[in-house]
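K.L.:
Below you'll find upload27.pdb; it's PDB, C-alpha atoms.
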```pdb
ATOM      1  CA  MET A   1      82.216-163.789 -92.067
ATOM      2  CA  ASN A   2      78.767-165.223 -91.599
ATOM      3  CA  ASP A   3      75.635-164.318 -93.476
ATOM      4  CA  LYS A   4      72.937-163.341 -91.027
ATOM      5  CA  THR A   5      70.230-162.481 -93.511
ATOM      6  CA  ALA A   6      68.127-165.501 -92.695
ATOM      7  CA  VAL A   7      68.026-164.533 -89.061
ATOM      8  CA  ALA A   8      66.335-161.179 -88.683
ATOM      9  CA  GLY A   9      68.353-160.284 -85.648
ATOM     10  CA  ASP A  10      68.575-156.569 -86.236
ATOM     11  CA  THR A  11      66.206-154.479 -84.167
ATOM     12  CA  ARG A  12      66.589-151.062 -85.756
ATOM     13  CA  ALA A  13      63.362-149.569 -87.110
ATOM     14  CA  ALA A  14      64.525-149.283 -90.719
ATOM     15  CA  SER A  15      65.270-152.965 -90.956
ATOM     16  CA  ASN A  16      61.654-153.929 -90.342
ATOM     17  CA  GLU A  17      60.870-152.892 -93.884
ATOM     18  CA  ALA A  18      61.081-155.604 -96.494
ATOM     19  CA  ALA A  19      64.215-155.468 -98.614
ATOM     20  CA  LEU A  20      65.890-157.387-101.395
ATOM     21  CA  MET A  21      69.024-159.366-100.681
ATOM     22  CA  PRO A  22      71.838-158.203-102.932
ATOM     23  CA  PRO A  23      74.153-160.894-104.345
ATOM     24  CA  VAL A  24      77.724-160.694-103.060
ATOM     25  CA  ASP A  25      81.188-162.092-103.696
ATOM     26  CA  VAL A  26      83.460-162.463-100.680
ATOM     27  CA  ILE A  27      87.153-163.114-101.221
ATOM     28  CA  GLU A  28      89.729-163.511 -98.474
ATOM     29  CA  ASP A  29      93.457-163.135 -98.914
ATOM     30  CA  SER A  30      96.275-163.009 -96.389
ATOM     31  CA  THR A  31      95.762-159.303 -95.582
ATOM     32  CA  GLY A  32      92.004-158.992 -95.452
ATOM     33  CA  ILE A  33      88.585-159.554 -96.961
ATOM     34  CA  THR A  34      87.167-158.000-100.117
ATOM     35  CA  LEU A  35      83.406-157.905-100.562
ATOM     36  CA  TYR A  36      81.596-156.991-103.769
ATOM     37  CA  ALA A  37      77.852-156.368-103.667
ATOM     38  CA  ASP A  38      75.479-155.677-106.556
ATOM     39  CA  LEU A  39      73.313-152.692-105.662
ATOM     40  CA  PRO A  40      71.911-151.508-108.988
ATOM     41  CA  GLY A  41      70.106-148.182-108.859
ATOM     42  CA  VAL A  42      71.552-147.148-105.502
ATOM     43  CA  PRO A  43      73.222-143.714-105.657
ATOM     44  CA  ARG A  44      76.085-142.830-103.295
ATOM     45  CA  ASP A  45      73.972-140.710-100.956
ATOM     46  CA  LYS A  46      71.416-143.492-100.458
ATOM     47  CA  LEU A  47      73.924-146.151 -99.488
ATOM     48  CA  ASN A  48      74.297-146.862 -95.777
ATOM     49  CA  LEU A  49      77.110-148.910 -94.320
ATOM     50  CA  HIS A  50      77.175-149.589 -90.595
ATOM     51  CA  VAL A  51      79.684-151.434 -88.525
ATOM     52  CA  GLU A  52      78.381-152.024 -85.034
ATOM     53  CA  ALA A  53      80.444-154.245 -82.782
ATOM     54  CA  ASP A  54      80.995-157.230 -85.073
ATOM     55  CA  THR A  55      77.998-156.657 -87.360
ATOM     56  CA  LEU A  56      78.295-155.180 -90.831
ATOM     57  CA  THR A  57      75.073-153.891 -92.394
ATOM     58  CA  ILE A  58      74.823-152.916 -96.028
ATOM     59  CA  GLU A  59      71.684-150.983 -96.842
ATOM     60  CA  GLY A  60      70.703-149.022 -99.926
ATOM     61  CA  GLU A  61      67.655-147.350-101.431
ATOM     62  CA  VAL A  62      66.995-147.615-105.128
ATOM     63  CA  GLY A  63      66.842-144.076-106.506
ATOM     64  CA  VAL A  64      65.690-144.691-110.055
ATOM     65  CA  ALA A  65      63.740-141.742-111.464
ATOM     66  CA  THR A  66      60.533-142.809-113.172
ATOM     67  CA  PRO A  67      58.474-140.512-115.388
ATOM     68  CA  PRO A  68      55.329-139.110-113.748
ATOM     69  CA  GLY A  69      52.248-141.212-114.262
ATOM     70  CA  MET A  70      54.156-144.386-115.106
ATOM     71  CA  GLU A  71      52.328-147.597-114.405
ATOM     72  CA  ALA A  72      54.533-150.579-113.694
ATOM     73  CA  SER A  73      53.476-153.598-115.704
ATOM     74  CA  TYR A  74      56.210-156.067-114.804
ATOM     75  CA  ALA A  75      58.819-156.001-112.038
ATOM     76  CA  GLU A  76      61.661-158.299-111.038
ATOM     77  CA  VAL A  77      63.166-155.685-108.744
ATOM     78  CA  SER A  78      59.986-155.484-106.729
ATOM     79  CA  LEU A  79      61.188-153.520-103.701
ATOM     80  CA  PRO A  80      63.086-150.222-103.716
ATOM     81  CA  ARG A  81      65.535-151.324-101.027
ATOM     82  CA  PHE A  82      68.517-153.635-100.560
ATOM     83  CA  ARG A  83      69.780-154.959 -97.258
ATOM     84  CA  ARG A  84      72.236-157.584 -96.094
ATOM     85  CA  VAL A  85      73.862-158.192 -92.719
ATOM     86  CA  PHE A  86      77.121-159.992 -92.017
ATOM     87  CA  THR A  87      78.883-160.982 -88.831
ATOM     88  CA  LEU A  88      82.557-160.109 -88.879
ATOM     89  CA  SER A  89      85.192-162.113 -87.113
ATOM     90  CA  LYS A  90      87.521-160.688 -84.478
ATOM     91  CA  GLU A  91      90.710-160.533 -86.493
ATOM     92  CA  LEU A  92      89.180-157.992 -88.901
ATOM     93  CA  ASP A  93      89.993-154.332 -88.329
ATOM     94  CA  THR A  94      86.606-152.596 -88.594
ATOM     95  CA  ALA A  95      88.178-149.145 -88.113
ATOM     96  CA  LYS A  96      89.951-149.441 -91.461
ATOM     97  CA  VAL A  97      87.080-150.463 -93.715
ATOM     98  CA  SER A  98      87.219-148.737 -97.087
ATOM     99  CA  ALA A  99      84.323-148.604 -99.533
ATOM    100  CA  GLU A 100      83.857-147.686-103.180
ATOM    101  CA  LEU A 101      80.592-147.523-105.113
ATOM    102  CA  ASN A 102      80.866-147.619-108.869
ATOM    103  CA  GLN A 103      77.900-148.054-111.242
ATOM    104  CA  GLY A 104      75.889-149.976-108.683
ATOM    105  CA  VAL A 105      78.727-152.221-107.494
ATOM    106  CA  LEU A 106      79.958-151.766-103.942
ATOM    107  CA  LYS A 107      83.518-152.828-103.184
ATOM    108  CA  LEU A 108      84.371-153.142 -99.502
ATOM    109  CA  ARG A 109      87.836-153.853 -98.205
ATOM    110  CA  ILE A 110      88.181-154.973 -94.603
ATOM    111  CA  PRO A 111      91.818-155.444 -93.605
ATOM    112  CA  LYS A 112      92.923-157.860 -90.932
ATOM    113  CA  ALA A 113      94.226-156.377 -87.706
ATOM    114  CA  GLU A 114      98.009-156.033 -87.381
ATOM    115  CA  HIS A 115      98.306-158.880 -84.929
ATOM    116  CA  ALA A 116      96.370-161.197 -87.238
ATOM    117  CA  GLN A 117      98.565-160.552 -90.301
ATOM    118  CA  PRO A 118     100.607-163.547 -91.346
ATOM    119  CA  ARG A 119     104.170-163.379 -90.140
ATOM    120  CA  ARG A 120     107.171-165.313 -91.043
ATOM    121  CA  VAL A 121     109.201-166.268 -88.053
ATOM    122  CA  GLU A 122     112.872-165.758 -88.560
ATOM    123  CA  ILE A 123     115.013-168.564 -87.298
ATOM    124  CA  ARG A 124     118.510-167.559 -86.515
ATOM    125  CA  VAL A 125     121.138-170.162 -86.624
ATOM    126  CA  SER A 126     123.865-169.517 -84.189
TER
ATOM    127  CA  MET B   1      74.104-170.153-117.773
ATOM    128  CA  TYR B   2      71.013-169.532-115.769
ATOM    129  CA  ARG B   3      71.601-167.265-112.818
ATOM    130  CA  SER B   4      69.252-164.728-111.374
ATOM    131  CA  LEU B   5      70.387-161.318-110.150
ATOM    132  CA  PHE B   6      68.934-162.304-106.813
ATOM    133  CA  PRO B   7      70.321-165.582-105.519
ATOM    134  CA  ARG B   8      67.232-166.579-103.627
ATOM    135  CA  ASP B   9      64.525-165.185-105.859
ATOM    136  CA  LEU B  10      61.589-167.429-105.081
ATOM    137  CA  PHE B  11      59.649-166.301-108.150
ATOM    138  CA  ALA B  12      62.541-167.108-110.463
ATOM    139  CA  GLU B  13      62.825-170.544-108.912
ATOM    140  CA  LEU B  14      59.084-171.112-109.216
ATOM    141  CA  ASP B  15      59.404-170.069-112.812
ATOM    142  CA  VAL B  16      62.058-172.667-113.517
ATOM    143  CA  LEU B  17      59.856-175.227-111.781
ATOM    144  CA  GLN B  18      56.867-174.204-113.860
ATOM    145  CA  ARG B  19      58.885-174.469-117.072
ATOM    146  CA  GLU B  20      60.077-177.927-116.104
ATOM    147  CA  MET B  21      56.547-179.029-115.271
ATOM    148  CA  GLN B  22      55.234-177.705-118.572
ATOM    149  CA  GLN B  23      57.967-179.646-120.337
ATOM    150  CA  SER B  24      57.232-182.872-118.553
ATOM    151  CA  PHE B  25      53.502-182.602-119.222
ATOM    152  CA  GLY B  26      54.182-181.956-122.885
ATOM    153  CA  LEU B  27      52.650-178.498-122.785
ATOM    154  CA  SER B  28      54.114-175.875-125.053
ATOM    155  CA  PRO B  29      54.950-172.548-123.436
ATOM    156  CA  THR B  30      55.542-169.479-125.618
ATOM    157  CA  ILE B  31      58.653-169.601-127.760
ATOM    158  CA  ARG B  32      60.395-166.836-125.798
ATOM    159  CA  GLY B  33      59.542-168.399-122.472
ATOM    160  CA  LEU B  34      58.303-166.469-119.510
ATOM    161  CA  GLY B  35      61.725-165.000-119.101
ATOM    162  CA  ARG B  36      61.568-164.187-115.439
ATOM    163  CA  GLY B  37      64.851-164.092-113.606
ATOM    164  CA  GLY B  38      68.267-164.109-115.202
ATOM    165  CA  PHE B  39      70.666-161.233-115.568
ATOM    166  CA  PRO B  40      69.980-158.361-115.753
ATOM    167  CA  ALA B  41      66.725-158.098-113.824
ATOM    168  CA  LEU B  42      64.079-156.192-115.791
ATOM    169  CA  ASN B  43      61.333-153.823-114.754
ATOM    170  CA  VAL B  44      58.845-152.601-117.325
ATOM    171  CA  GLY B  45      56.350-149.795-117.093
ATOM    172  CA  GLY B  46      54.457-147.484-119.349
ATOM    173  CA  THR B  47      52.932-144.056-119.687
ATOM    174  CA  PRO B  48      50.398-143.094-122.397
ATOM    175  CA  GLN B  49      53.289-141.714-124.500
ATOM    176  CA  THR B  50      56.152-144.126-123.782
ATOM    177  CA  VAL B  51      57.220-147.612-122.775
ATOM    178  CA  GLU B  52      59.889-147.603-120.037
ATOM    179  CA  LEU B  53      62.320-150.476-119.459
ATOM    180  CA  TYR B  54      64.800-150.654-116.611
ATOM    181  CA  ALA B  55      67.561-153.268-116.751
ATOM    182  CA  PHE B  56      69.402-153.681-113.441
ATOM    183  CA  ALA B  57      72.890-154.412-114.734
ATOM    184  CA  PRO B  58      75.457-153.075-112.253
ATOM    185  CA  GLY B  59      79.172-152.679-112.881
ATOM    186  CA  LEU B  60      79.241-152.387-116.662
ATOM    187  CA  ASP B  61      80.953-150.049-119.066
ATOM    188  CA  PRO B  62      78.037-148.430-120.947
ATOM    189  CA  ALA B  63      80.083-148.528-124.177
ATOM    190  CA  THR B  64      80.012-152.342-124.140
ATOM    191  CA  LEU B  65      76.237-152.587-123.767
ATOM    192  CA  GLU B  66      74.371-153.615-126.884
ATOM    193  CA  VAL B  67      70.763-152.554-127.225
ATOM    194  CA  ASP B  68      69.033-153.647-130.415
ATOM    195  CA  LEU B  69      65.496-153.282-131.636
ATOM    196  CA  ASP B  70      64.398-155.575-134.404
ATOM    197  CA  ARG B  71      60.764-155.821-135.444
ATOM    198  CA  GLY B  72      59.356-155.080-132.040
ATOM    199  CA  VAL B  73      61.821-157.292-130.161
ATOM    200  CA  LEU B  74      64.247-155.418-127.931
ATOM    201  CA  THR B  75      67.509-157.177-127.052
ATOM    202  CA  ILE B  76      69.912-156.146-124.314
ATOM    203  CA  ALA B  77      73.282-157.907-124.456
ATOM    204  CA  GLY B  78      76.733-157.503-123.013
ATOM    205  CA  GLU B  79      79.364-159.070-120.841
ATOM    206  CA  ARG B  80      80.256-158.702-117.207
ATOM    207  CA  LYS B  81      83.772-159.513-116.091
ATOM    208  CA  ALA B  82      84.258-161.545-112.960
ATOM    209  CA  ASP B  83      85.748-159.797-109.922
ATOM    210  CA  ILE B  84      86.784-163.147-108.468
ATOM    211  CA  PRO B  85      90.552-163.630-108.903
ATOM    212  CA  ALA B  86      91.992-166.537-110.834
ATOM    213  CA  THR B  87      92.264-169.748-108.843
ATOM    214  CA  ASP B  88      96.048-169.750-108.701
ATOM    215  CA  ASP B  89      96.034-166.706-106.413
ATOM    216  CA  LYS B  90      96.423-167.184-102.693
ATOM    217  CA  ALA B  91      92.861-166.170-102.007
ATOM    218  CA  ALA B  92      89.839-168.031-100.732
ATOM    219  CA  VAL B  93      86.447-167.377-102.263
ATOM    220  CA  HIS B  94      83.884-167.659 -99.473
ATOM    221  CA  ILE B  95      80.770-166.477-101.301
ATOM    222  CA  ASN B  96      80.303-166.358-105.056
ATOM    223  CA  GLU B  97      76.804-165.240-106.006
ATOM    224  CA  ARG B  98      77.297-162.408-108.469
ATOM    225  CA  PHE B  99      76.709-162.998-112.133
ATOM    226  CA  ALA B 100      79.690-163.032-114.485
ATOM    227  CA  GLY B 101      79.891-163.741-118.181
ATOM    228  CA  ARG B 102      77.898-162.890-121.285
ATOM    229  CA  PHE B 103      74.239-162.077-120.955
ATOM    230  CA  ARG B 104      71.315-161.422-123.257
ATOM    231  CA  ARG B 105      67.755-160.531-122.421
ATOM    232  CA  VAL B 106      64.912-160.073-124.820
ATOM    233  CA  ALA B 107      61.662-158.198-124.391
ATOM    234  CA  THR B 108      58.771-157.995-126.833
ATOM    235  CA  LEU B 109      57.543-154.421-127.166
ATOM    236  CA  PRO B 110      53.870-153.568-127.665
ATOM    237  CA  ASP B 111      52.679-153.007-131.246
ATOM    238  CA  ASP B 112      52.464-149.248-130.848
ATOM    239  CA  ALA B 113      56.177-148.848-130.034
ATOM    240  CA  ASP B 114      58.007-146.468-132.376
ATOM    241  CA  PRO B 115      61.284-148.047-133.624
ATOM    242  CA  ASN B 116      62.704-144.565-134.297
ATOM    243  CA  GLY B 117      61.940-143.239-130.843
ATOM    244  CA  VAL B 118      64.270-145.295-128.635
ATOM    245  CA  SER B 119      66.676-143.687-126.183
ATOM    246  CA  ALA B 120      68.874-145.344-123.547
ATOM    247  CA  SER B 121      70.912-144.132-120.585
ATOM    248  CA  TYR B 122      73.039-145.907-117.972
ATOM    249  CA  ARG B 123      73.254-144.584-114.430
ATOM    250  CA  ASP B 124      74.119-146.191-111.076
ATOM    251  CA  GLY B 125      74.165-149.570-112.778
ATOM    252  CA  VAL B 126      70.686-149.287-114.241
ATOM    253  CA  LEU B 127      70.081-149.193-117.991
ATOM    254  CA  HIS B 128      66.969-147.139-118.688
ATOM    255  CA  ILE B 129      65.407-147.510-122.123
ATOM    256  CA  THR B 130      62.549-145.264-123.212
ATOM    257  CA  VAL B 131      60.553-146.222-126.290
ATOM    258  CA  LYS B 132      58.062-143.707-127.629
ATOM    259  CA  ARG B 133      54.636-144.879-128.676
ATOM    260  CA  LEU B 134      53.492-144.067-132.206
ATOM    261  CA  GLU B 135      51.508-140.859-132.508
ATOM    262  CA  ALA B 136      48.636-142.608-134.248
ATOM    263  CA  ALA B 137      48.226-145.042-131.376
ATOM    264  CA  GLN B 138      47.942-142.417-128.667
ATOM    265  CA  PRO B 139      44.579-141.885-127.114
ATOM    266  CA  ARG B 140      42.634-138.979-128.542
ATOM    267  CA  ARG B 141      39.358-137.452-127.678
ATOM    268  CA  ILE B 142      37.128-136.886-130.632
ATOM    269  CA  SER B 143      35.082-133.800-130.232
ATOM    270  CA  VAL B 144      31.402-134.027-131.083
ATOM    271  CA  HIS B 145      29.900-131.049-132.891
TER
END
```
Can you present the structure in this file as structure tokens?

P.N.:
Amino acid sequence: MNDKTAVAGDTRAASNEAALMPPVDVIEDSTGITLYADLPGVPRDKLNLHVEADTLTIEGEVGVATPPGMEASYAEVSLPRFRRVFTLSKELDTAKVSAELNQGVLKLRIPKAEHAQPRRVEIRVS
Amino acid sequence: MYRSLFPRDLFAELDVLQREMQQSFGLSPTIRGLGRGGFPALNVGGTPQTVELYAFAPGLDPATLEVDLDRGVLTIAGERKADIPATDDKAAVHINERFAGRFRRVATLPDDADPNGVSASYRDGVLHITVKRLEAAQPRRISVH
């Protein structure tokens, strides 16, 4: 899994807008990859996950309600949008990606394809 | 542990640089520092009636969040558990950027903040704190007879 954020290779219109890069944890075990991403303030309906060929795009809009007439005086989350793009490798089964969003943390599970699962070769002694 | 919510936050890095430069030149920054960066990220805004604080702290149990107000200083503290498995598991950690551990952030409220008018809610990983301003400090128009 490679991080493509530095290379703005995506050509879709939405990705021309400036966005914050969410921090992630990526853990690989023998059956697949688990990705956690911090997307605070992103509700379920404003989270977009795309898998296109071997590219995974995580995109979310911050939907924090502010009272009318509020003037921001200080901001560390300076843009209302998160985006990060990853390149997936071939042995990952993109048809079986599962995602959960819980209190601003996205958990993605991408299993490895059947043929890429580790196998133990039985040796029969005759 | 100093770790920003955003791994490549240029402003947070500049801030660390500025603090180091101030130290080396023997200048004395304010006692609470500039405080930019760190976890959780903070946004602050205000209306004529309230002060609004947003702490971007995803993945927490709201019951474990501590919000204290003491003489105009608001403290947000808590702990975030790591999602990374213990090292003895047969798993490889490829990227590890998310904050884990105890955190504490402090914000100084303006003088007109009402210590009895604080409310907090936690939604989608954002802690929203509203502090009312004191009645006496609110702008009033004085009618001329």

K.L.:
Could you tell me which residues the ChimeraX specification (/B :<6) & /A returns for this structure, as a ChimeraX atom specification?

P.N.:
/A:23-29,40-41,70-76,103-105

K.L.:
In Å, with one decimal, what is the gap from atom CA of Ala116 of chain A to atom CA of Glu91 of chain A?

P.N.:
5.7 Å

K.L.:
With distances taken over all atoms listed in the file, which of B:Val16, B:Val67, B:Asp112, B:Ala86 is nearest to Ala136 of chain B?

P.N.:
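Looking at the shortest contact to Ala136 of chain B, the residue is B:Asp112.
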
K.L.:
Suppose a student applies the PyMOL selection byres ((chain A and resi 80) around 6) to this structure; what residues should they get, written as a PyMOL selection string?

P.N.:
chain A and resi 61-62+79+81

K.L.:
Would you kindly translate the PyMOL selection byres ((chain A and resi 115) around 12) into the concrete residues it picks from this file, as a PyMOL selection string?

P.N.:
chain A and resi 31+90-93+111-114+116-119

K.L.:
State, in Å with one decimal place, the distance from atom CA of Ala99 of chain A to atom CA of Leu49 of chain A.

P.N.:
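Between these atoms lies a distance of 8.9 Å.
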
K.L.:
So how many Å separate atom CA of Gly60 of chain A and atom CA of Phe86 of chain A, to one decimal?

P.N.:
15.0 Å

K.L.:
Which residue, A:Arg44, A:Arg120, A:Arg84, A:Lys107, has the smallest gap to Thr57 of chain A when you use all atoms listed in the file?

P.N.:
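With all atoms listed in the file as the atom set, the closest residue is A:Arg84.
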
K.L.:
At a cut-off of 8 Å, using all atoms listed in the file, what residues contact Leu65 of chain B? Leave out same-chain residues fewer than 6 positions from it and give the result as a compact mmCIF listing (two decimals) with C-alpha atoms, keeping the file's coordinate frame.

P.N.:
```txt
# COMPACT_ATOMS: atom_id res chain seq x y z
CA ILE B 76 69.91 -156.15 -124.31
CA ALA B 77 73.28 -157.91 -124.46
CA GLY B 78 76.73 -157.50 -123.01
CA GLU B 79 79.36 -159.07 -120.84
```

K.L.:
N, CA and C atoms are needed for segment 108-125 of chain A; please write them out as a compact mmCIF listing (two decimals), in the frame of the given file.

P.N.:
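The file below, rebuild_10.txt, is the result:
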```txt
# COMPACT_ATOMS: atom_id res chain seq x y z
N LEU A 108 83.97 -153.39 -100.89
CA LEU A 108 84.37 -153.14 -99.50
C LEU A 108 85.66 -153.88 -99.23
N ARG A 109 86.59 -153.19 -98.57
CA ARG A 109 87.84 -153.85 -98.20
C ARG A 109 87.97 -153.78 -96.69
N ILE A 110 88.04 -154.93 -96.06
CA ILE A 110 88.18 -154.97 -94.60
C ILE A 110 89.52 -155.64 -94.29
N PRO A 111 90.51 -154.83 -93.87
CA PRO A 111 91.82 -155.44 -93.60
C PRO A 111 91.83 -156.23 -92.29
N LYS A 112 92.76 -157.14 -92.19
CA LYS A 112 92.92 -157.86 -90.93
C LYS A 112 93.75 -157.00 -89.98
N ALA A 113 93.49 -157.14 -88.71
CA ALA A 113 94.23 -156.38 -87.71
C ALA A 113 95.70 -156.78 -87.75
N GLU A 114 96.55 -155.82 -87.35
CA GLU A 114 98.01 -156.03 -87.38
C GLU A 114 98.42 -157.38 -86.80
N HIS A 115 97.85 -157.66 -85.62
CA HIS A 115 98.31 -158.88 -84.93
C HIS A 115 97.86 -160.15 -85.64
N ALA A 116 96.86 -160.01 -86.55
CA ALA A 116 96.37 -161.20 -87.24
C ALA A 116 97.02 -161.39 -88.61
N GLN A 117 97.89 -160.43 -89.01
CA GLN A 117 98.56 -160.55 -90.30
C GLN A 117 99.53 -161.73 -90.25
N PRO A 118 99.68 -162.41 -91.36
CA PRO A 118 100.61 -163.55 -91.35
C PRO A 118 102.04 -163.04 -91.16
N ARG A 119 102.78 -163.76 -90.38
CA ARG A 119 104.17 -163.38 -90.14
C ARG A 119 105.06 -164.57 -90.40
N ARG A 120 106.20 -164.25 -90.86
CA ARG A 120 107.17 -165.31 -91.04
C ARG A 120 108.14 -165.20 -89.87
N VAL A 121 108.33 -166.28 -89.21
CA VAL A 121 109.20 -166.27 -88.05
C VAL A 121 110.64 -166.55 -88.49
N GLU A 122 111.47 -165.59 -88.19
CA GLU A 122 112.87 -165.76 -88.56
C GLU A 122 113.55 -166.74 -87.61
N ILE A 123 114.27 -167.64 -88.15
CA ILE A 123 115.01 -168.56 -87.30
C ILE A 123 116.50 -168.26 -87.49
N ARG A 124 117.09 -167.87 -86.42
CA ARG A 124 118.51 -167.56 -86.52
C ARG A 124 119.34 -168.77 -86.13
N VAL A 125 120.27 -169.02 -86.94
CA VAL A 125 121.14 -170.16 -86.62
C VAL A 125 122.42 -169.61 -86.01
```
